[in-house]
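Enquirer: Structure file query.txt (compact mmCIF, C-alpha atoms and all ligand atoms) is given on the next line.
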```
# COMPACT_ATOMS: atom_id res chain seq x y z
CA MET U 1 8.66 89.46 -31.89
CA MET U 2 6.55 88.57 -28.85
CA GLY U 3 9.59 87.40 -26.87
CA ASP U 4 9.07 84.53 -24.51
CA ARG U 5 5.30 84.73 -24.58
CA THR U 6 2.88 81.85 -25.07
CA TYR U 7 -0.45 82.36 -26.82
CA LEU U 8 -3.10 79.99 -25.47
CA ASP U 9 -6.21 81.98 -26.42
CA HIS U 10 -7.10 80.58 -29.86
CA ALA U 11 -10.82 80.68 -29.03
CA ALA U 12 -10.54 84.48 -28.89
CA THR U 13 -8.79 84.71 -32.21
CA THR U 14 -6.15 82.99 -34.33
CA PRO U 15 -3.24 84.41 -36.32
CA LEU U 16 -3.70 84.79 -40.07
CA ASP U 17 -2.34 81.79 -41.99
CA PRO U 18 0.49 83.12 -44.25
CA ARG U 19 -1.08 81.27 -47.23
CA VAL U 20 -4.30 83.20 -46.60
CA LEU U 21 -2.46 86.51 -46.63
CA GLU U 22 -0.87 85.49 -49.91
CA ALA U 23 -4.24 84.63 -51.45
CA MET U 24 -5.67 88.01 -50.34
CA SER U 25 -2.77 90.15 -51.48
CA PRO U 26 -3.59 90.55 -55.24
CA TYR U 27 -7.02 91.92 -54.31
CA TYR U 28 -5.37 94.81 -52.51
CA ARG U 29 -3.21 95.52 -55.57
CA ASP U 30 -4.21 95.38 -59.23
CA ARG U 31 -7.40 93.33 -58.73
CA HIS U 32 -9.11 96.14 -56.84
CA GLY U 33 -12.42 96.28 -58.73
CA ASN U 34 -15.91 96.44 -57.28
CA PRO U 35 -17.69 93.14 -58.01
CA SER U 36 -20.87 95.09 -58.79
CA SER U 37 -19.16 96.91 -61.70
CA THR U 38 -19.73 95.47 -65.16
CA HIS U 39 -16.32 96.36 -66.63
CA PHE U 40 -13.22 94.17 -66.66
CA TYR U 41 -12.07 95.14 -63.15
CA GLY U 42 -15.49 94.36 -61.76
CA GLN U 43 -15.59 91.01 -63.52
CA VAL U 44 -12.22 90.00 -62.08
CA ALA U 45 -13.44 90.83 -58.58
CA GLU U 46 -16.78 89.15 -59.13
CA ALA U 47 -15.07 85.98 -60.35
CA ALA U 48 -13.01 85.90 -57.15
CA VAL U 49 -16.14 86.29 -55.02
CA ASP U 50 -17.94 83.58 -56.99
CA GLU U 51 -15.04 81.22 -56.55
CA ALA U 52 -14.84 81.91 -52.81
CA ARG U 53 -18.58 81.32 -52.47
CA LEU U 54 -18.24 78.04 -54.35
CA THR U 55 -15.32 76.91 -52.17
CA ILE U 56 -17.25 77.60 -48.97
CA SER U 57 -20.42 75.99 -50.32
CA GLU U 58 -18.52 72.80 -51.17
CA ILE U 59 -17.28 72.56 -47.59
CA LEU U 60 -20.76 73.23 -46.20
CA ASP U 61 -22.27 70.88 -48.79
CA CYS U 62 -24.80 73.46 -49.97
CA ASP U 63 -25.59 75.64 -52.98
CA PRO U 64 -23.35 78.73 -53.44
CA MET U 65 -26.48 80.90 -53.49
CA GLU U 66 -27.13 79.85 -49.90
CA ILE U 67 -23.99 81.65 -48.62
CA ILE U 68 -24.09 85.33 -47.63
CA PHE U 69 -20.90 87.23 -46.80
CA THR U 70 -21.01 89.47 -43.71
CA SER U 71 -18.57 91.59 -41.72
CA CYS U 72 -18.09 89.12 -38.83
CA GLY U 73 -19.53 86.20 -36.91
CA SER U 74 -21.53 88.61 -34.79
CA GLU U 75 -23.19 90.13 -37.83
CA SER U 76 -24.07 86.65 -39.11
CA ASP U 77 -25.73 85.89 -35.76
CA ASN U 78 -27.60 89.21 -35.88
CA LEU U 79 -28.85 88.65 -39.41
CA ALA U 80 -29.88 85.06 -38.70
CA LEU U 81 -31.78 85.74 -35.52
CA ARG U 82 -33.32 89.14 -36.19
CA GLY U 83 -33.87 88.37 -39.85
CA ALA U 84 -35.61 85.05 -39.19
CA ALA U 85 -37.65 86.26 -36.20
CA LEU U 86 -39.07 89.25 -38.10
CA ALA U 87 -39.74 87.20 -41.24
CA GLU U 88 -41.45 84.38 -39.37
CA ARG U 89 -43.67 86.83 -37.52
CA GLU U 90 -44.65 88.37 -40.85
CA ARG U 91 -45.17 84.97 -42.47
CA ARG U 92 -47.06 83.08 -39.76
CA GLU U 93 -47.41 85.32 -36.70
CA ALA U 94 -44.79 83.35 -34.80
CA ASN U 95 -43.75 85.46 -31.83
CA HIS U 96 -41.66 83.14 -29.66
CA VAL U 97 -37.85 82.99 -29.69
CA LEU U 98 -35.88 80.16 -28.09
CA ILE U 99 -32.14 80.31 -27.43
CA SER U 100 -29.85 78.33 -25.15
CA SER U 101 -28.86 79.94 -21.87
CA ILE U 102 -25.14 79.97 -22.73
CA GLU U 103 -25.15 81.65 -26.16
CA HIS U 104 -22.44 84.09 -27.24
CA PRO U 105 -23.52 87.73 -26.67
CA ALA U 106 -23.99 88.11 -30.46
CA VAL U 107 -27.00 85.78 -30.15
CA ASP U 108 -27.97 86.51 -26.55
CA LYS U 109 -28.09 90.31 -26.85
CA THR U 110 -29.84 90.13 -30.22
CA ALA U 111 -32.54 87.89 -28.75
CA ARG U 112 -32.94 90.21 -25.76
CA GLN U 113 -33.36 93.16 -28.11
CA LEU U 114 -35.99 91.20 -30.07
CA ALA U 115 -37.89 90.86 -26.79
CA GLU U 116 -37.38 94.40 -25.49
CA LEU U 117 -37.77 96.38 -28.71
CA PHE U 118 -39.80 94.15 -31.01
CA GLY U 119 -42.15 92.48 -28.53
CA PHE U 120 -41.03 88.88 -29.04
CA GLU U 121 -41.47 86.42 -26.20
CA LEU U 122 -37.96 85.19 -25.37
CA GLU U 123 -37.29 81.93 -23.57
CA PHE U 124 -33.96 80.41 -22.57
CA LEU U 125 -33.35 76.69 -22.94
CA PRO U 126 -31.71 75.33 -19.79
CA VAL U 127 -28.40 73.51 -20.19
CA ASP U 128 -27.13 70.59 -18.12
CA GLU U 129 -24.06 70.71 -15.85
CA PHE U 130 -21.78 70.35 -18.90
CA GLY U 131 -23.44 73.14 -20.89
CA THR U 132 -25.28 70.78 -23.26
CA VAL U 133 -28.82 71.45 -24.51
CA GLN U 134 -30.51 68.06 -24.26
CA PRO U 135 -32.97 67.27 -27.08
CA GLU U 136 -35.74 66.47 -24.53
CA VAL U 137 -35.38 70.00 -23.19
CA LEU U 138 -35.94 71.45 -26.65
CA GLU U 139 -38.95 69.12 -27.10
CA ASP U 140 -40.41 70.54 -23.90
CA HIS U 141 -39.97 74.20 -24.88
CA ILE U 142 -40.56 74.37 -28.64
CA ARG U 143 -44.04 75.59 -29.66
CA SER U 144 -46.03 75.98 -32.83
CA ASP U 145 -45.55 79.75 -32.58
CA THR U 146 -41.77 79.53 -32.14
CA ALA U 147 -40.24 81.77 -34.82
CA VAL U 148 -36.62 80.67 -34.49
CA VAL U 149 -34.46 78.44 -32.29
CA SER U 150 -30.77 79.29 -31.84
CA ILE U 151 -28.35 76.85 -30.20
CA MET U 152 -24.57 77.12 -30.56
CA TYR U 153 -22.71 74.26 -32.22
CA ALA U 154 -19.83 74.45 -29.72
CA SER U 155 -19.42 76.79 -26.80
CA ASN U 156 -16.65 79.35 -27.02
CA GLU U 157 -16.51 79.47 -23.24
CA VAL U 158 -16.58 75.82 -22.11
CA GLY U 159 -15.98 74.01 -25.41
CA THR U 160 -19.03 71.72 -25.15
CA ILE U 161 -20.41 70.42 -28.46
CA ASN U 162 -24.20 70.33 -28.73
CA PRO U 163 -26.11 67.48 -30.45
CA ILE U 164 -27.01 69.74 -33.38
CA PRO U 165 -28.45 67.04 -35.74
CA GLU U 166 -30.88 65.83 -33.05
CA LEU U 167 -31.87 69.37 -32.12
CA GLY U 168 -32.25 70.26 -35.79
CA ALA U 169 -34.51 67.26 -36.39
CA ILE U 170 -36.88 68.44 -33.66
CA CYS U 171 -37.11 71.93 -35.18
CA ARG U 172 -37.61 70.57 -38.68
CA GLN U 173 -40.39 68.26 -37.57
CA ARG U 174 -42.22 71.28 -36.10
CA GLY U 175 -41.51 73.53 -39.09
CA VAL U 176 -39.46 75.91 -36.93
CA ARG U 177 -36.34 77.68 -38.25
CA PHE U 178 -33.14 76.47 -36.64
CA HIS U 179 -29.97 78.57 -36.37
CA THR U 180 -26.62 77.44 -35.04
CA ASP U 181 -23.69 79.68 -34.18
CA ALA U 182 -20.79 77.63 -35.57
CA VAL U 183 -18.26 80.44 -35.22
CA GLN U 184 -16.20 78.55 -32.64
CA ALA U 185 -16.90 75.05 -33.95
CA ALA U 186 -15.91 75.56 -37.59
CA SER U 187 -12.22 75.68 -36.70
CA GLN U 188 -12.37 71.99 -35.75
CA LEU U 189 -15.69 70.31 -36.56
CA PRO U 190 -17.33 69.47 -39.90
CA VAL U 191 -19.94 72.02 -40.96
CA ARG U 192 -22.03 70.08 -43.48
CA VAL U 193 -25.39 71.79 -43.14
CA ASP U 194 -27.59 68.87 -44.25
CA GLU U 195 -26.02 66.50 -41.75
CA LEU U 196 -26.43 69.15 -39.07
CA ARG U 197 -30.07 69.74 -40.15
CA VAL U 198 -29.75 73.51 -39.76
CA ASP U 199 -31.51 76.30 -41.67
CA LEU U 200 -29.02 78.99 -40.68
CA LEU U 201 -25.36 78.66 -39.69
CA SER U 202 -22.92 81.43 -38.73
CA LEU U 203 -19.19 81.48 -39.48
CA GLY U 204 -16.44 83.93 -38.55
CA ALA U 205 -13.13 83.81 -40.43
CA HIS U 206 -10.74 84.91 -37.69
CA LYS U 207 -11.49 81.84 -35.57
CA PHE U 208 -10.00 79.60 -38.28
CA TYR U 209 -6.84 81.51 -39.22
CA GLY U 210 -8.62 83.88 -41.60
CA PRO U 211 -8.98 87.67 -41.46
CA LYS U 212 -10.72 89.46 -38.58
CA GLY U 213 -13.87 91.37 -39.50
CA MET U 214 -15.14 88.75 -41.95
CA GLY U 215 -18.05 86.35 -41.62
CA ALA U 216 -20.59 84.33 -43.55
CA LEU U 217 -24.10 83.08 -42.99
CA TYR U 218 -25.55 79.94 -44.53
CA ILE U 219 -29.25 80.42 -45.32
CA ARG U 220 -31.12 77.32 -46.44
CA ARG U 221 -33.09 77.91 -49.64
CA GLY U 222 -36.66 78.80 -48.77
CA THR U 223 -35.76 80.33 -45.39
CA ALA U 224 -37.24 83.83 -45.37
CA LEU U 225 -35.09 86.54 -43.77
CA PHE U 226 -35.59 90.27 -43.31
CA PRO U 227 -32.36 92.06 -44.20
CA VAL U 228 -30.74 93.78 -41.23
CA GLN U 229 -28.52 96.03 -43.35
CA THR U 230 -30.50 97.67 -46.16
CA GLY U 231 -29.22 99.45 -49.27
CA GLY U 232 -27.79 98.04 -52.49
CA ALA U 233 -28.75 94.67 -53.94
CA GLN U 234 -25.55 92.86 -52.92
CA GLU U 235 -25.79 89.37 -51.45
CA PHE U 236 -29.17 88.59 -53.02
CA GLY U 237 -30.66 91.68 -51.37
CA LEU U 238 -29.98 90.31 -47.90
CA ARG U 239 -26.89 92.31 -46.98
CA ALA U 240 -26.18 95.67 -48.60
CA GLY U 241 -22.67 97.05 -48.95
CA THR U 242 -19.77 96.75 -51.39
CA LEU U 243 -18.19 93.36 -50.92
CA ASN U 244 -14.86 93.13 -49.11
CA VAL U 245 -13.18 91.13 -51.87
CA PRO U 246 -9.78 90.50 -50.22
CA TYR U 247 -11.40 89.28 -47.02
CA ILE U 248 -13.88 87.10 -48.88
CA VAL U 249 -11.01 85.47 -50.77
CA GLY U 250 -9.12 85.11 -47.47
CA MET U 251 -12.06 83.53 -45.67
CA ALA U 252 -12.51 80.90 -48.38
CA ALA U 253 -8.77 80.12 -48.41
CA ALA U 254 -8.71 79.82 -44.61
CA LEU U 255 -11.76 77.55 -44.48
CA LYS U 256 -10.36 75.34 -47.23
CA ILE U 257 -7.04 74.88 -45.40
CA THR U 258 -8.92 74.20 -42.16
CA HIS U 259 -11.20 71.69 -43.83
CA ASP U 260 -8.47 69.87 -45.82
CA GLN U 261 -6.23 69.48 -42.77
CA ARG U 262 -8.90 69.12 -40.10
CA ASP U 263 -7.89 65.66 -38.89
CA ALA U 264 -4.21 66.53 -38.73
CA TRP U 265 -4.82 69.71 -36.71
CA ASN U 266 -7.21 67.96 -34.37
CA SER U 267 -4.70 65.19 -33.73
CA HIS U 268 -2.20 67.89 -32.87
CA TYR U 269 -4.60 69.61 -30.44
CA LEU U 270 -6.03 66.57 -28.66
CA PRO U 271 -3.01 65.38 -26.64
CA LEU U 272 -2.22 68.97 -25.64
CA ARG U 273 -5.80 69.56 -24.50
CA ASP U 274 -5.95 66.23 -22.71
CA GLU U 275 -2.73 66.94 -20.85
CA LEU U 276 -4.24 70.21 -19.61
CA LEU U 277 -7.53 68.56 -18.62
CA ARG U 278 -5.75 65.70 -16.87
CA THR U 279 -2.92 67.57 -15.14
CA ILE U 280 -4.36 70.84 -13.90
CA PRO U 281 -7.07 69.29 -11.66
CA SER U 282 -4.42 67.26 -9.84
CA ALA U 283 -1.92 70.13 -9.60
CA VAL U 284 -4.20 72.60 -7.81
CA PRO U 285 -6.78 72.15 -5.02
CA SER U 286 -10.44 73.21 -5.43
CA VAL U 287 -10.57 73.22 -9.21
CA ARG U 288 -13.12 71.77 -11.60
CA VAL U 289 -13.06 71.16 -15.32
CA THR U 290 -15.94 73.09 -16.93
CA GLY U 291 -17.80 71.86 -19.99
CA HIS U 292 -18.17 68.31 -21.17
CA PRO U 293 -15.31 65.95 -20.22
CA SER U 294 -15.13 64.35 -23.67
CA HIS U 295 -17.74 65.86 -26.00
CA ARG U 296 -15.82 69.09 -26.37
CA LEU U 297 -13.72 70.96 -28.93
CA PRO U 298 -10.35 69.25 -29.47
CA ASN U 299 -8.37 72.43 -28.71
CA HIS U 300 -10.40 73.59 -25.71
CA ALA U 301 -9.63 73.18 -22.01
CA SER U 302 -11.56 75.15 -19.41
CA PHE U 303 -11.55 75.19 -15.65
CA THR U 304 -12.89 77.06 -12.70
CA PHE U 305 -11.04 77.72 -9.46
CA GLN U 306 -13.02 78.24 -6.26
CA HIS U 307 -12.35 81.54 -4.48
CA VAL U 308 -10.28 82.97 -7.33
CA ASP U 309 -11.16 85.99 -9.48
CA GLY U 310 -10.78 84.86 -13.11
CA ASN U 311 -9.73 88.32 -14.24
CA GLU U 312 -6.96 88.50 -11.67
CA LEU U 313 -5.90 85.03 -12.76
CA VAL U 314 -5.69 86.06 -16.43
CA THR U 315 -3.68 89.16 -15.47
CA ALA U 316 -1.33 87.17 -13.24
CA LEU U 317 -0.76 84.57 -15.97
CA ASP U 318 -0.10 87.35 -18.47
CA LEU U 319 2.67 88.61 -16.21
CA GLU U 320 4.12 85.09 -16.33
CA GLY U 321 3.96 85.24 -20.15
CA PHE U 322 0.82 83.18 -20.81
CA ALA U 323 -2.15 84.59 -22.73
CA CYS U 324 -5.38 82.84 -21.63
CA SER U 325 -8.87 84.13 -20.94
CA SER U 326 -11.74 84.02 -18.50
CA GLY U 327 -15.50 83.97 -18.92
CA SER U 328 -15.91 86.05 -15.81
CA ALA U 329 -16.30 89.65 -16.91
CA CYS U 330 -14.94 92.51 -14.87
CA LYS U 331 -16.35 96.00 -14.69
CA THR U 332 -14.03 98.46 -12.95
CA GLY U 333 -12.87 96.18 -10.19
CA ASP U 334 -16.27 94.60 -9.65
CA PRO U 335 -15.86 90.94 -10.63
CA LYS U 336 -18.89 89.34 -12.28
CA PRO U 337 -19.43 85.60 -12.27
CA SER U 338 -19.67 83.90 -15.66
CA PRO U 339 -23.36 83.72 -16.66
CA SER U 340 -22.64 80.49 -18.54
CA LEU U 341 -21.18 78.81 -15.46
CA GLN U 342 -24.14 80.06 -13.42
CA ALA U 343 -26.50 78.54 -16.00
CA MET U 344 -24.58 75.28 -15.66
CA GLY U 345 -25.28 75.28 -11.93
CA PHE U 346 -22.04 76.66 -10.48
CA SER U 347 -22.46 78.81 -7.36
CA ASN U 348 -20.89 82.28 -7.36
CA ASP U 349 -17.79 81.31 -5.38
CA TRP U 350 -17.03 78.97 -8.28
CA ALA U 351 -18.45 80.94 -11.22
CA LEU U 352 -16.04 83.84 -10.64
CA GLY U 353 -12.90 81.83 -11.21
CA SER U 354 -13.09 80.59 -14.79
CA LEU U 355 -10.04 80.04 -16.97
CA ARG U 356 -10.02 79.08 -20.65
CA VAL U 357 -6.93 77.63 -22.30
CA THR U 358 -7.21 77.04 -26.05
CA VAL U 359 -4.32 75.60 -28.04
CA GLY U 360 -3.53 76.27 -31.70
CA ARG U 361 -1.60 74.99 -34.70
CA SER U 362 1.76 76.24 -33.42
CA THR U 363 1.25 75.33 -29.74
CA THR U 364 3.94 72.98 -28.42
CA GLN U 365 3.92 70.50 -25.57
CA ALA U 366 6.64 72.58 -23.89
CA GLU U 367 4.32 75.60 -23.90
CA VAL U 368 1.46 73.61 -22.39
CA ARG U 369 3.78 72.20 -19.71
CA GLY U 370 5.05 75.71 -19.04
CA LEU U 371 1.53 76.80 -18.19
CA ILE U 372 0.87 73.71 -16.08
CA HIS U 373 4.05 74.50 -14.16
CA ALA U 374 3.29 78.23 -13.75
CA LEU U 375 -0.32 77.83 -12.64
CA PRO U 376 -0.21 76.33 -9.10
CA PRO U 377 1.92 79.08 -7.47
CA VAL U 378 -0.21 81.76 -9.17
CA ILE U 379 -3.41 80.21 -7.84
CA SER U 380 -2.10 79.89 -4.30
CA ARG U 381 -0.84 83.49 -4.37
CA LEU U 382 -4.25 84.75 -5.54
CA ARG U 383 -5.96 82.74 -2.82
CA GLY U 384 -3.65 84.29 -0.25
CA ASP U 385 -2.32 80.86 0.77
CA ASP U 386 1.15 82.25 1.49
CA VAL U 387 -0.16 85.02 3.74
CA ARG U 388 -0.07 83.99 7.39
C1 LIG Y 1 -16.04 84.72 -31.75
C2 LIG Y 1 -17.45 84.27 -31.68
C3 LIG Y 1 -18.49 85.07 -32.19
C4 LIG Y 1 -18.25 86.44 -32.76
O1 LIG Y 1 -17.55 86.40 -33.96
P1 LIG Y 1 -16.84 87.74 -34.50
O2 LIG Y 1 -16.36 87.40 -35.86
O3 LIG Y 1 -15.72 88.03 -33.55
O4 LIG Y 1 -17.86 88.81 -34.49
C5 LIG Y 1 -19.77 84.58 -32.13
N1 LIG Y 1 -20.04 83.37 -31.60
C6 LIG Y 1 -19.06 82.58 -31.11
C7 LIG Y 1 -19.43 81.24 -30.56
C8 LIG Y 1 -17.75 82.99 -31.13
O5 LIG Y 1 -16.78 82.21 -30.64
```
Produce structure tokens that represent the structure in this file.

Expert:
Amino acid sequence: MMGDRTYLDHAATTPLDPRVLEAMSPYYRDRHGNPSSTHFYGQVAEAAVDEARLTISEILDCDPMEIIFTSCGSESDNLALRGAALAERERREANHVLISSIEHPAVDKTARQLAELFGFELEFLPVDEFGTVQPEVLEDHIRSDTAVVSIMYASNEVGTINPIPELGAICRQRGVRFHTDAVQAASQLPVRVDELRVDLLSLGAHKFYGPKGMGALYIRRGTALFPVQTGGAQEFGLRAGTLNVPYIVGMAAALKITHDQRDAWNSHYLPLRDELLRTIPSAVPSVRVTGHPSHRLPNHASFTFQHVDGNELVTALDLEGFACSSGSACKTGDPKPSPSLQAMGFSNDWALGSLRVTVGRSTTQAEVRGLIHALPPVISRLRGDDVR
């Protein structure tokens, strides 16, 4: 269908697993009831939601009542951060919000709005050159009036995995709520919430071969949250709106498949990722691997090319048939360096040229080698090397 094209952007989204589509399908047909209804149709739908909640809770190693379904990973981040910040201010006058300096916009923009509109004091935790938040750094910044700390489990942009259990232990010791955005990580890393020592954890189904527009938030029992979306009493009063039964069923099926076959998928990704990380730096001049060299997501390779515009690079690779992405945003021809790479200490002539290559379940070695082969001439063309 897509011809000779190669999809290497699995951090942006993944295709729906056919088994997930199959699991969802009856809930679009005869099992169409509203889980809030008390009649037979409602009970069938409610049973499906209960089972999905149980499946997810078993994988997270928590109580089913600690899982809230949302409309996406972004909404989970919004509910976690805004909900916890407002509740903690009400509960104990905590007015300080701490997030890492390379969070996804769903966390970053929410925290900025908490500062601008709600009067919270927002502070950014510095990251090291690999994009890691070091526990000592959190120790230095956390305060008794910190309402919530949010640090991503693994970076969507550079793939780096944060030491979440250590960071969580620091928050717990101070009695501060700890949220992690696990939307990118859950496709490859275990998400057992007790081991991670988190109070709040966000998931998004389309990053692990589930449906787009579906998310969940883990909320540790006893963690007070103000609802962001008010209305009916669905989701224990924390998230109003008729439940999206087919998507909920699909999310649980997708997470179960991901969890059951995690080791096998990761062993498929690792050699492909490592070939990218090893080969590209020696095939092109003035390139650096971004993110941690080893403590990174198994499917995630990221680079930055000096004096290259990442958006032009993505466009040029697309013309060659490769779908990748860049952390450097572009607004009407005005290239913007990646804020994450800037926070990691890259100067602007480097931070403009980011490239992310993320492999998936169907990625082959031939596809990866195809990209490695196509990349050097594209880079030298964009740098104007062949112009004399
Ligand atoms: C994709 C992503 C999100 C947003 O999830 P959506 O379901 O697309 O809203 C948030 N955080 C991270 C780290 C992500 O990778």

Enquirer: At a cut-off of 8 Å around ligand LIG 1 (chain Y), and using all atoms listed in the file, what residues come up? Please write them as a short mmCIF file (atom, residue, chain, number, x, y, z; two decimals) with C-alpha atoms, in the frame of the given file.

Expert:
```cif
data_model
loop_
_atom_site.label_atom_id
_atom_site.label_comp_id
_atom_site.auth_asym_id
_atom_site.auth_seq_id
_atom_site.Cartn_x
_atom_site.Cartn_y
_atom_site.Cartn_z
CA ALA U 11 -10.82 80.68 -29.03
CA ALA U 12 -10.54 84.48 -28.89
CA THR U 13 -8.79 84.71 -32.21
CA SER U 71 -18.57 91.59 -41.72
CA CYS U 72 -18.09 89.12 -38.83
CA GLY U 73 -19.53 86.20 -36.91
CA SER U 74 -21.53 88.61 -34.79
CA GLU U 75 -23.19 90.13 -37.83
CA ASP U 77 -25.73 85.89 -35.76
CA GLU U 103 -25.15 81.65 -26.16
CA HIS U 104 -22.44 84.09 -27.24
CA PRO U 105 -23.52 87.73 -26.67
CA ALA U 106 -23.99 88.11 -30.46
CA VAL U 107 -27.00 85.78 -30.15
CA MET U 152 -24.57 77.12 -30.56
CA TYR U 153 -22.71 74.26 -32.22
CA ALA U 154 -19.83 74.45 -29.72
CA SER U 155 -19.42 76.79 -26.80
CA ASN U 156 -16.65 79.35 -27.02
CA GLU U 157 -16.51 79.47 -23.24
CA ASP U 181 -23.69 79.68 -34.18
CA ALA U 182 -20.79 77.63 -35.57
CA VAL U 183 -18.26 80.44 -35.22
CA GLN U 184 -16.20 78.55 -32.64
CA ALA U 185 -16.90 75.05 -33.95
CA SER U 202 -22.92 81.43 -38.73
CA LEU U 203 -19.19 81.48 -39.48
CA GLY U 204 -16.44 83.93 -38.55
CA ALA U 205 -13.13 83.81 -40.43
CA HIS U 206 -10.74 84.91 -37.69
CA LYS U 207 -11.49 81.84 -35.57
CA LYS U 212 -10.72 89.46 -38.58
CA GLY U 213 -13.87 91.37 -39.50
CA MET U 214 -15.14 88.75 -41.95
CA GLY U 215 -18.05 86.35 -41.62
#
```

Enquirer: Could you tell me which of U:Ala366, U:Ala283, U:Leu217, U:Leu189 comes closest to Gln261 (chain U) if we count only C-alpha atoms?

Expert: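 Nearest candidate to Gln261 (chain U) out of U:Ala366, U:Ala283, U:Leu217, U:Leu189: U:Leu189.
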
Enquirer: Can you pull out every residue within 8 Å of Ala240 (chain U), counting only C-alpha atoms, but drop anything in the same chain fewer than 6 positions away, and send it as a PyMOL selection string?

Expert: chain U and resi 229-234

Enquirer: Which is closer to Glu139 (chain U) than all the others in U:His295, U:Arg5, U:Val158, U:Leu167, using all atoms listed in the file?

Expert: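 The closest residue to Glu139 (chain U) is U:Leu167.
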
Enquirer: Nearest to Pro35 (chain U) among U:Thr279, U:Gly241, U:Gln173, U:Asp194, with distances taken over all atoms listed in the file: which residue is it?

Expert: U:Gly241

Enquirer: With 8 Å as the threshold, what does the neighbourhood of (-10.5, 64.8, -31.3) contain in terms of residues, counting only C-alpha atoms? Coordinates are those of the file; answer as number ranges by chain.

Expert: U: 266-267, 269-270, 297-298
